[in-house]
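A.B. asks: One file is attached below, model_11.txt, containing compact mmCIF, C-alpha atoms and all ligand atoms.
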# COMPACT_ATOMS: atom_id res chain seq x y z
CA MET Q 1 -144.31 17.16 62.23
CA LEU Q 2 -147.62 15.34 62.38
CA LEU Q 3 -149.29 17.46 65.06
CA GLU Q 4 -148.04 20.76 66.44
CA LEU Q 5 -149.91 22.59 69.19
CA ASP Q 6 -148.67 26.04 70.07
CA GLY Q 7 -150.24 27.88 72.99
CA ILE Q 8 -153.64 26.21 72.65
CA THR Q 9 -156.12 27.80 75.04
CA VAL Q 10 -159.80 26.94 75.44
CA ALA Q 11 -161.89 29.13 77.75
CA PHE Q 12 -165.50 28.46 78.70
CA GLY Q 13 -166.56 31.88 79.94
CA GLY Q 14 -164.11 32.61 82.75
CA LEU Q 15 -162.93 29.01 83.08
CA ILE Q 16 -159.66 28.20 81.34
CA ALA Q 17 -160.20 24.51 80.54
CA VAL Q 18 -156.95 24.35 78.51
CA GLY Q 19 -154.33 27.03 79.07
CA ASP Q 20 -151.43 27.74 76.75
CA VAL Q 21 -150.64 24.11 75.93
CA SER Q 22 -147.86 23.36 73.45
CA PHE Q 23 -146.47 20.01 72.35
CA SER Q 24 -145.86 18.18 69.13
CA MET Q 25 -145.99 14.66 67.77
CA ALA Q 26 -144.06 13.14 64.89
CA GLU Q 27 -145.56 10.50 62.59
CA GLY Q 28 -145.83 7.17 64.41
CA ASP Q 29 -145.38 8.69 67.89
CA VAL Q 30 -147.29 7.27 70.85
CA LEU Q 31 -148.13 9.93 73.42
CA GLY Q 32 -150.10 9.57 76.65
CA LEU Q 33 -152.21 12.47 77.90
CA VAL Q 34 -152.86 12.26 81.64
CA GLY Q 35 -153.97 14.42 84.54
CA PRO Q 36 -156.55 14.48 87.32
CA ASN Q 37 -160.28 14.79 86.66
CA GLY Q 38 -161.14 18.11 85.05
CA ALA Q 39 -157.53 18.74 83.95
CA GLY Q 40 -158.57 19.54 80.39
CA LYS Q 41 -157.69 16.32 78.56
CA THR Q 42 -161.02 15.82 76.80
CA THR Q 43 -161.25 19.51 75.96
CA LEU Q 44 -157.82 19.32 74.33
CA PHE Q 45 -158.99 16.28 72.33
CA ASN Q 46 -162.04 18.27 71.29
CA ALA Q 47 -159.84 21.15 70.15
CA VAL Q 48 -157.80 18.78 67.95
CA SER Q 49 -160.77 16.87 66.54
CA GLY Q 50 -162.77 20.07 65.99
CA LEU Q 51 -165.58 19.77 68.52
CA VAL Q 52 -164.45 23.00 70.20
CA ARG Q 53 -162.65 25.98 68.75
CA PRO Q 54 -159.59 27.17 70.66
CA THR Q 55 -159.89 30.65 72.14
CA ARG Q 56 -156.21 31.25 71.39
CA GLY Q 57 -153.24 29.41 69.99
CA LYS Q 58 -152.19 27.61 66.85
CA ALA Q 59 -152.55 24.00 65.79
CA HIS Q 60 -151.12 22.35 62.68
CA PHE Q 61 -151.62 18.86 61.31
CA LEU Q 62 -149.08 17.83 58.68
CA GLY Q 63 -148.39 21.53 58.20
CA ARG Q 64 -152.05 22.45 57.63
CA ASP Q 65 -153.75 25.00 59.85
CA LEU Q 66 -156.07 22.93 62.02
CA VAL Q 67 -157.91 25.79 63.72
CA ALA Q 68 -159.25 26.95 60.37
CA MET Q 69 -160.10 23.42 59.21
CA PRO Q 70 -163.82 22.51 59.37
CA ILE Q 71 -164.60 19.53 61.58
CA HIS Q 72 -165.76 17.28 58.72
CA THR Q 73 -162.50 17.67 56.83
CA ARG Q 74 -160.36 16.70 59.81
CA ALA Q 75 -161.23 13.01 59.44
CA ARG Q 76 -160.22 13.22 55.78
CA ALA Q 77 -156.99 14.94 56.78
CA GLY Q 78 -156.11 11.89 58.90
CA ILE Q 79 -157.42 12.52 62.42
CA GLY Q 80 -159.38 9.57 63.84
CA ARG Q 81 -160.97 9.43 67.25
CA ALA Q 82 -162.43 6.67 69.40
CA PHE Q 83 -164.66 7.62 72.31
CA GLN Q 84 -164.82 6.22 75.85
CA VAL Q 85 -168.46 5.25 75.46
CA PRO Q 86 -168.74 3.19 72.25
CA GLN Q 87 -171.15 4.75 69.80
CA PRO Q 88 -172.07 2.09 67.24
CA MET Q 89 -174.61 3.02 64.61
CA HIS Q 90 -177.73 1.16 65.60
CA GLU Q 91 -179.58 -1.14 63.22
CA LEU Q 92 -176.32 -1.80 61.37
CA THR Q 93 -174.03 -4.78 61.51
CA VAL Q 94 -170.44 -4.55 62.68
CA ARG Q 95 -169.16 -4.58 59.09
CA GLU Q 96 -171.69 -1.96 58.01
CA ASN Q 97 -170.55 0.31 60.84
CA LEU Q 98 -167.01 0.12 59.46
CA MET Q 99 -168.26 0.72 55.92
CA VAL Q 100 -170.12 3.88 56.94
CA ALA Q 101 -167.04 5.22 58.76
CA SER Q 102 -164.84 4.42 55.76
CA ARG Q 103 -167.16 6.18 53.31
CA PHE Q 104 -167.61 9.19 55.63
CA ALA Q 105 -163.89 9.88 55.82
CA THR Q 106 -162.55 8.72 52.48
CA GLY Q 107 -165.52 9.01 50.13
CA ARG Q 108 -165.35 5.31 49.28
CA VAL Q 109 -165.62 1.96 51.00
CA ASP Q 110 -162.24 0.27 51.25
CA LYS Q 111 -163.45 -3.34 51.53
CA GLN Q 112 -160.01 -4.85 51.84
CA ARG Q 113 -159.08 -2.54 54.70
CA ILE Q 114 -162.36 -3.31 56.44
CA GLU Q 115 -161.73 -7.06 56.30
CA GLU Q 116 -158.22 -6.42 57.63
CA ILE Q 117 -159.60 -4.34 60.51
CA LEU Q 118 -162.17 -7.02 61.36
CA ASP Q 119 -159.35 -9.53 61.45
CA LEU Q 120 -156.91 -7.39 63.49
CA LEU Q 121 -159.58 -6.50 66.04
CA LYS Q 122 -160.82 -10.10 66.23
CA LEU Q 123 -164.30 -9.10 65.15
CA GLY Q 124 -164.47 -11.34 62.09
CA HIS Q 125 -166.90 -13.81 63.69
CA LYS Q 126 -169.25 -10.92 64.57
CA ALA Q 127 -168.95 -9.07 61.25
CA ASP Q 128 -172.57 -9.71 60.27
CA SER Q 129 -174.05 -9.39 63.76
CA ASP Q 130 -176.04 -6.42 64.96
CA ALA Q 131 -173.52 -3.90 66.34
CA ALA Q 132 -175.79 -2.47 69.00
CA THR Q 133 -177.00 -5.67 70.63
CA SER Q 134 -174.65 -8.59 70.02
CA LEU Q 135 -171.25 -7.44 71.22
CA ALA Q 136 -169.49 -8.01 74.55
CA LEU Q 137 -167.88 -4.92 76.12
CA THR Q 138 -164.41 -5.65 74.72
CA GLU Q 139 -165.93 -6.16 71.28
CA GLN Q 140 -167.86 -2.88 71.52
CA LYS Q 141 -164.59 -1.13 72.33
CA ALA Q 142 -162.83 -2.92 69.49
CA LEU Q 143 -165.55 -1.73 67.11
CA GLU Q 144 -165.16 1.83 68.39
CA VAL Q 145 -161.45 1.65 67.55
CA GLY Q 146 -162.30 -0.09 64.28
CA LYS Q 147 -164.59 2.75 63.19
CA ALA Q 148 -161.78 5.23 63.79
CA LEU Q 149 -159.35 2.95 61.90
CA ALA Q 150 -161.73 2.69 58.97
CA THR Q 151 -161.35 6.44 58.44
CA ASN Q 152 -157.74 5.76 57.47
CA PRO Q 153 -156.14 7.98 60.13
CA LYS Q 154 -152.53 9.00 60.54
CA LEU Q 155 -153.30 10.01 64.11
CA LEU Q 156 -155.61 7.89 66.23
CA MET Q 157 -156.93 9.60 69.36
CA LEU Q 158 -158.13 7.18 72.04
CA ASP Q 159 -160.21 8.62 74.88
CA GLU Q 160 -160.09 6.12 77.76
CA VAL Q 161 -161.02 3.26 75.46
CA LEU Q 162 -159.79 0.69 77.99
CA ALA Q 163 -161.91 2.02 80.85
CA GLY Q 164 -164.16 -0.62 82.38
CA LEU Q 165 -162.12 -3.62 81.20
CA GLU Q 166 -160.60 -6.15 83.61
CA THR Q 167 -156.79 -6.31 83.85
CA ALA Q 168 -156.55 -9.31 81.49
CA GLY Q 169 -158.91 -7.63 79.02
CA LYS Q 170 -156.86 -4.44 79.16
CA ARG Q 171 -153.62 -6.31 78.45
CA ALA Q 172 -155.16 -8.16 75.53
CA PHE Q 173 -156.55 -4.91 74.14
CA MET Q 174 -153.19 -3.18 74.53
CA HIS Q 175 -151.57 -5.99 72.58
CA THR Q 176 -154.14 -5.53 69.82
CA LEU Q 177 -153.51 -1.77 69.77
CA SER Q 178 -149.78 -2.36 69.37
CA GLU Q 179 -150.45 -4.69 66.43
CA VAL Q 180 -152.77 -2.13 64.85
CA ARG Q 181 -150.20 0.61 65.26
CA GLN Q 182 -147.45 -1.47 63.70
CA ARG Q 183 -149.67 -2.57 60.83
CA TYR Q 184 -150.66 0.97 59.85
CA GLY Q 185 -147.71 2.98 61.18
CA LEU Q 186 -150.13 5.12 63.16
CA ALA Q 187 -149.45 7.78 65.75
CA LEU Q 188 -151.51 7.33 68.92
CA LEU Q 189 -152.64 10.05 71.33
CA ILE Q 190 -154.06 8.32 74.38
CA ILE Q 191 -156.09 9.62 77.33
CA GLU Q 192 -155.95 7.04 80.07
CA HIS Q 193 -156.23 7.12 83.85
CA ASP Q 194 -154.60 3.76 84.49
CA ILE Q 195 -150.89 4.34 85.13
CA GLU Q 196 -149.92 0.75 84.26
CA THR Q 197 -151.62 1.07 80.89
CA ILE Q 198 -149.97 4.38 80.13
CA THR Q 199 -146.56 3.11 81.22
CA ARG Q 200 -146.84 0.03 79.00
CA LEU Q 201 -148.16 1.79 75.95
CA CYS Q 202 -146.55 5.23 75.90
CA PRO Q 203 -142.84 6.07 75.77
CA ARG Q 204 -143.78 9.75 76.27
CA VAL Q 205 -146.41 11.36 78.45
CA VAL Q 206 -147.84 14.88 78.78
CA VAL Q 207 -149.46 15.81 82.10
CA LEU Q 208 -152.16 18.46 82.40
CA ASN Q 209 -153.44 20.02 85.62
CA PHE Q 210 -156.05 22.79 85.68
CA GLY Q 211 -155.57 23.09 81.93
CA ARG Q 212 -151.81 23.69 82.13
CA LEU Q 213 -149.07 21.40 80.89
CA ILE Q 214 -147.10 20.65 84.08
CA ALA Q 215 -144.80 17.84 82.93
CA GLU Q 216 -143.67 16.04 79.80
CA GLY Q 217 -141.32 13.08 79.45
CA SER Q 218 -141.04 9.35 80.00
CA PRO Q 219 -143.70 7.71 82.21
CA GLU Q 220 -141.03 7.02 84.86
CA SER Q 221 -139.94 10.66 85.00
CA VAL Q 222 -143.40 12.25 85.01
CA PHE Q 223 -144.98 9.85 87.51
CA ASN Q 224 -142.09 10.53 89.91
CA ASP Q 225 -142.30 14.30 89.43
CA PRO Q 226 -143.34 15.91 92.77
CA GLU Q 227 -145.59 18.44 91.00
CA VAL Q 228 -147.41 15.63 89.18
CA ILE Q 229 -147.81 13.66 92.42
CA ARG Q 230 -149.15 16.80 94.14
CA SER Q 231 -151.63 17.36 91.29
CA TYR Q 232 -153.08 13.88 91.85
CA THR Q 233 -153.14 14.09 95.63
CA GLY Q 234 -154.53 17.62 95.76
CA GLY Q 235 -151.32 18.98 97.28
CA GLU Q 236 -151.34 16.51 100.20
CA ALA Q 237 -148.04 14.81 99.57
CA ALA Q 238 -145.00 14.90 97.36
N1 LIG W 1 -168.66 22.64 77.37
C1 LIG W 1 -168.18 23.04 78.55
N2 LIG W 1 -168.66 24.16 79.16
C2 LIG W 1 -168.16 24.58 80.33
N3 LIG W 1 -167.15 23.98 80.99
C3 LIG W 1 -166.62 22.88 80.44
C4 LIG W 1 -167.10 22.34 79.20
N4 LIG W 1 -166.38 21.23 78.90
C5 LIG W 1 -165.50 21.07 79.91
N5 LIG W 1 -165.64 22.05 80.84
C6 LIG W 1 -164.83 22.23 82.05
O1 LIG W 1 -163.49 22.29 81.61
C7 LIG W 1 -162.63 21.64 82.56
C8 LIG W 1 -161.85 20.56 81.85
O2 LIG W 1 -162.75 19.48 81.55
P1 LIG W 1 -162.30 18.20 80.71
O3 LIG W 1 -163.51 17.36 80.55
O4 LIG W 1 -161.57 18.61 79.51
O5 LIG W 1 -161.29 17.50 81.74
P2 LIG W 1 -160.70 16.03 81.69
O6 LIG W 1 -159.25 16.16 82.04
O7 LIG W 1 -161.02 15.38 80.41
O8 LIG W 1 -161.48 15.34 82.88
P3 LIG W 1 -161.89 13.79 83.12
O9 LIG W 1 -160.61 13.06 83.38
O10 LIG W 1 -162.75 13.86 84.32
O11 LIG W 1 -162.60 13.32 81.89
C9 LIG W 1 -163.53 21.14 83.67
O12 LIG W 1 -163.51 22.10 84.71
C10 LIG W 1 -164.88 21.05 83.01
O13 LIG W 1 -165.92 21.21 83.96
Give the structure from the file, written as C-alpha cells.

C.D. replies:
Amino acid sequence: MLLELDGITVAFGGLIAVGDVSFSMAEGDVLGLVGPNGAGKTTLFNAVSGLVRPTRGKAHFLGRDLVAMPIHTRARAGIGRAFQVPQPMHELTVRENLMVASRFATGRVDKQRIEEILDLLKLGHKADSDAATSLALTEQKALEVGKALATNPKLLMLDEVLAGLETAGKRAFMHTLSEVRQRYGLALLIIEHDIETITRLCPRVVVLNFGRLIAEGSPESVFNDPEVIRSYTGGEAA
C-alpha cells in the first residue's frame, strides 16, 4: 500500500477535528476527499503532510511509520502537497521556484524533470518571468502544482487547487492534471468542493463530516447517499 491510515484522530483541545479515520490508497490511486466546511479535510491533509501530529492512530507511507517521520523527511519520502492559495517564492522566477522545490526534496536539481514540468504545465513561456508578479491565476495554480511535482512525489495532495477558476479553466486544468498523473504514475489525494470536478477526476471518494468518515465509494454512490446529502444540507433533506 502507498498510504494507510488507521484510526487517525486529531483533537484540538476538546474539539475532535478528525475522528478515527481509516482508509488506504494504492500506488497510482486517485481519491477525492470531500465534506462540508469544517469537516476535517484540511486537518487530515496536515496530519499526512506533517503539519499536525495525530492525537491517536497509525499512518504508514510505503510501509514506513508516518507519525514518527519528521515533516522535512516526508517530502523526500514521496509526499507532495499543493496549497489552495499559491505560495510562490518571491523574487524568484518560475523556473527557480521549481529548482528550489526540487533541491529541497531531493537534494539536487533535476533540470530535465523541471523542463518537463514546465512543458506539461504550459509554463514554458513564463519560465524566466517573476513568479510573484507575472502569472495569471491559472498559471499561479499550475506553478503551485509544479512545485509539488518538482519534489518527485509518489503521492500528490491537492487542496482545492481549482478553487476560483472558471468552468473552462477548471476543465483545462483537470486535463493537465490527468496528463501529469499519467506521465509520472502518481497517486492523487484531492480536496475539492465542486462535485463535477470530483466526479470527473476521482473514481473513489471519501466523505468526512464532523471529522468522521461517513461514506466511501464511487462518486455516484456517495453523492446519492442520504447521510452524505444530510451532512451537506444540515439535516434538512435526504
Ligand atoms: N489549529 C486549529 N486549532 C483549533 N481548531 C482547529 C484548528 N484547525 C482546524 N480546527 C477546527 O477543526 C475543524 C476541522 O477544520 P478543517 O479546516 O480541517 O475542516 P475542512 O473540512 O478542511 O474545512 P473547509 O472545507 O472549510 O476548508 C474545524 O472545526 C476547525 O475550526

A.B. asks: From the set Q:Leu188, Q:Leu137, Q:Met174, Q:Val34, which residue has the shortest atom-to-atom contact distance to Q:Val205, counting all atoms listed in the file?

C.D. replies: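 Checking each candidate against Q:Val205, we get Q:Val34 as the closest.
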
A.B. asks: Would you list the residues that come within 10 Å of ligand LIG 1 (chain W)? Count all atoms listed in the file and give the answer as a ChimeraX atom specification.

C.D. replies: /Q:10-18,33-47,51-52,84,159-160,191-193,207-211

A.B. asks: Atom CA of Q:Thr9 to atom CA of Q:Ser22: how many Å, to one decimal?

C.D. replies: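 For atom CA of Q:Thr9 relative to atom CA of Q:Ser22, the distance reads 9.5 Å.
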
A.B. asks: Would you mind reading off the distance between atom CA of Q:Glu220 and atom CA of Q:Thr199, one decimal, in Å?

C.D. replies: 7.7 Å

A.B. asks: Identify which of the residues Q:Leu162, Q:Leu31, Q:Leu120, Q:Ala82 lies closest to Q:Gln182, counting only C-alpha atoms when measuring atom-to-atom distances.

C.D. replies: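 Ranked by minimum distance to Q:Gln182, first place goes to Q:Leu120.
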
A.B. asks: Of the residues Q:His60, Q:Lys170, Q:Lys122, Q:Lys154, which is the one nearest to Q:Val94, using all atoms listed in the file?

C.D. replies: Q:Lys122

A.B. asks: Give the answer as one residue: which of Q:Arg64, Q:Arg76, Q:Arg81, Q:His125 has the shortest atom-to-atom distance to Q:Ser49, using only C-alpha atoms?

C.D. replies: Q:Arg81

A.B. asks: Atom CA of Q:Gly78 and atom CA of Q:Gln140, how far apart in Å?

C.D. replies: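 Separating atom CA of Q:Gln140 from atom CA of Q:Gly78 is a distance of 22.7 Å.
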
A.B. asks: Taking all atoms listed in the file into account, which of Q:Pro86, Q:Gly50, Q:Gly80, Q:Gly7 comes nearest Q:Met157?

C.D. replies: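 Comparing Q:Pro86, Q:Gly50, Q:Gly80, Q:Gly7 against Q:Met157, the winner is Q:Gly80.
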
A.B. asks: Using only C-alpha atoms, which residues sit within 12 Å of Q:Arg183 once same-chain residues fewer than 2 positions away are excluded, as a PDB file with C-alpha atoms, in the coordinates of the input?

C.D. replies:
ATOM      1  CA  GLY Q  28    -145.830   7.170  64.410  1.00  0.00           C
ATOM      2  CA  ARG Q 113    -159.080  -2.540  54.700  1.00  0.00           C
ATOM      3  CA  GLU Q 116    -158.220  -6.420  57.630  1.00  0.00           C
ATOM      4  CA  ILE Q 117    -159.600  -4.340  60.510  1.00  0.00           C
ATOM      5  CA  ASP Q 119    -159.350  -9.530  61.450  1.00  0.00           C
ATOM      6  CA  LEU Q 120    -156.910  -7.390  63.490  1.00  0.00           C
ATOM      7  CA  LEU Q 121    -159.580  -6.500  66.040  1.00  0.00           C
ATOM      8  CA  LEU Q 149    -159.350   2.950  61.900  1.00  0.00           C
ATOM      9  CA  LYS Q 154    -152.530   9.000  60.540  1.00  0.00           C
ATOM     10  CA  THR Q 176    -154.140  -5.530  69.820  1.00  0.00           C
ATOM     11  CA  LEU Q 177    -153.510  -1.770  69.770  1.00  0.00           C
ATOM     12  CA  SER Q 178    -149.780  -2.360  69.370  1.00  0.00           C
ATOM     13  CA  GLU Q 179    -150.450  -4.690  66.430  1.00  0.00           C
ATOM     14  CA  VAL Q 180    -152.770  -2.130  64.850  1.00  0.00           C
ATOM     15  CA  ARG Q 181    -150.200   0.610  65.260  1.00  0.00           C
ATOM     16  CA  GLY Q 185    -147.710   2.980  61.180  1.00  0.00           C
ATOM     17  CA  LEU Q 186    -150.130   5.120  63.160  1.00  0.00           C
ATOM     18  CA  ALA Q 187    -149.450   7.780  65.750  1.00  0.00           C
TER      19      ALA Q 187
END

A.B. asks: Nearest to Q:Tyr184: which of Q:Leu3, Q:Ile198, Q:Arg204, Q:Pro153 is it, counting all atoms listed in the file?

C.D. replies: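 Of Q:Leu3, Q:Ile198, Q:Arg204, Q:Pro153, the one nearest Q:Tyr184 is Q:Pro153, counting all atoms listed in the file.
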
A.B. asks: Set the distance at 7 Å and use all atoms listed in the file: which residues neighbour Q:Lys58 once local chain neighbours fewer than 4 positions away are removed? I'd like the list as a VMD selection string.

C.D. replies: chain Q and resid 5 to 8 67

A.B. asks: Rebuild stretch 192-210 of chain Q so that it carries N, CA and C atoms, then output the result as a PDB file, in the coordinates of the input.

C.D. replies:
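Printed below is out00.pdb as written:
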ATOM      1  N   GLU Q 192    -155.759   8.253  79.283  1.00  0.00           N
ATOM      2  CA  GLU Q 192    -155.950   7.040  80.070  1.00  0.00           C
ATOM      3  C   GLU Q 192    -155.625   7.350  81.523  1.00  0.00           C
ATOM      4  N   HIS Q 193    -156.469   6.877  82.422  1.00  0.00           N
ATOM      5  CA  HIS Q 193    -156.230   7.120  83.850  1.00  0.00           C
ATOM      6  C   HIS Q 193    -155.312   6.068  84.454  1.00  0.00           C
ATOM      7  N   ASP Q 194    -155.320   4.865  83.889  1.00  0.00           N
ATOM      8  CA  ASP Q 194    -154.600   3.760  84.490  1.00  0.00           C
ATOM      9  C   ASP Q 194    -153.090   3.883  84.209  1.00  0.00           C
ATOM     10  N   ILE Q 195    -152.328   4.060  85.284  1.00  0.00           N
ATOM     11  CA  ILE Q 195    -150.890   4.340  85.130  1.00  0.00           C
ATOM     12  C   ILE Q 195    -150.164   3.152  84.492  1.00  0.00           C
ATOM     13  N   GLU Q 196    -150.580   1.927  84.847  1.00  0.00           N
ATOM     14  CA  GLU Q 196    -149.920   0.750  84.260  1.00  0.00           C
ATOM     15  C   GLU Q 196    -150.123   0.753  82.733  1.00  0.00           C
ATOM     16  N   THR Q 197    -151.332   1.057  82.324  1.00  0.00           N
ATOM     17  CA  THR Q 197    -151.620   1.070  80.890  1.00  0.00           C
ATOM     18  C   THR Q 197    -150.774   2.121  80.175  1.00  0.00           C
ATOM     19  N   ILE Q 198    -150.746   3.296  80.745  1.00  0.00           N
ATOM     20  CA  ILE Q 198    -149.970   4.380  80.130  1.00  0.00           C
ATOM     21  C   ILE Q 198    -148.484   4.003  80.065  1.00  0.00           C
ATOM     22  N   THR Q 199    -147.985   3.444  81.158  1.00  0.00           N
ATOM     23  CA  THR Q 199    -146.560   3.110  81.220  1.00  0.00           C
ATOM     24  C   THR Q 199    -146.206   2.044  80.180  1.00  0.00           C
ATOM     25  N   ARG Q 200    -147.116   1.096  79.981  1.00  0.00           N
ATOM     26  CA  ARG Q 200    -146.840   0.030  79.000  1.00  0.00           C
ATOM     27  C   ARG Q 200    -146.942   0.522  77.566  1.00  0.00           C
ATOM     28  N   LEU Q 201    -147.885   1.413  77.341  1.00  0.00           N
ATOM     29  CA  LEU Q 201    -148.160   1.790  75.950  1.00  0.00           C
ATOM     30  C   LEU Q 201    -147.345   2.982  75.446  1.00  0.00           C
ATOM     31  N   CYS Q 202    -147.028   3.912  76.363  1.00  0.00           N
ATOM     32  CA  CYS Q 202    -146.550   5.230  75.900  1.00  0.00           C
ATOM     33  C   CYS Q 202    -145.111   5.512  76.331  1.00  0.00           C
ATOM     34  N   PRO Q 203    -144.199   5.681  75.396  1.00  0.00           N
ATOM     35  CA  PRO Q 203    -142.840   6.070  75.770  1.00  0.00           C
ATOM     36  C   PRO Q 203    -142.778   7.522  76.257  1.00  0.00           C
ATOM     37  N   ARG Q 204    -143.789   8.323  75.881  1.00  0.00           N
ATOM     38  CA  ARG Q 204    -143.780   9.750  76.270  1.00  0.00           C
ATOM     39  C   ARG Q 204    -145.170  10.127  76.771  1.00  0.00           C
ATOM     40  N   VAL Q 205    -145.163  10.981  77.793  1.00  0.00           N
ATOM     41  CA  VAL Q 205    -146.410  11.360  78.450  1.00  0.00           C
ATOM     42  C   VAL Q 205    -146.440  12.872  78.650  1.00  0.00           C
ATOM     43  N   VAL Q 206    -147.620  13.470  78.465  1.00  0.00           N
ATOM     44  CA  VAL Q 206    -147.840  14.880  78.780  1.00  0.00           C
ATOM     45  C   VAL Q 206    -148.847  14.917  79.927  1.00  0.00           C
ATOM     46  N   VAL Q 207    -148.556  15.716  80.952  1.00  0.00           N
ATOM     47  CA  VAL Q 207    -149.460  15.810  82.100  1.00  0.00           C
ATOM     48  C   VAL Q 207    -150.099  17.190  82.141  1.00  0.00           C
ATOM     49  N   LEU Q 208    -151.432  17.211  82.230  1.00  0.00           N
ATOM     50  CA  LEU Q 208    -152.160  18.460  82.400  1.00  0.00           C
ATOM     51  C   LEU Q 208    -152.697  18.553  83.826  1.00  0.00           C
ATOM     52  N   ASN Q 209    -152.762  19.773  84.342  1.00  0.00           N
ATOM     53  CA  ASN Q 209    -153.440  20.020  85.620  1.00  0.00           C
ATOM     54  C   ASN Q 209    -154.047  21.413  85.548  1.00  0.00           C
ATOM     55  N   PHE Q 210    -155.339  21.514  85.834  1.00  0.00           N
ATOM     56  CA  PHE Q 210    -156.050  22.790  85.680  1.00  0.00           C
ATOM     57  C   PHE Q 210    -155.766  23.418  84.307  1.00  0.00           C
TER      58      PHE Q 210
END
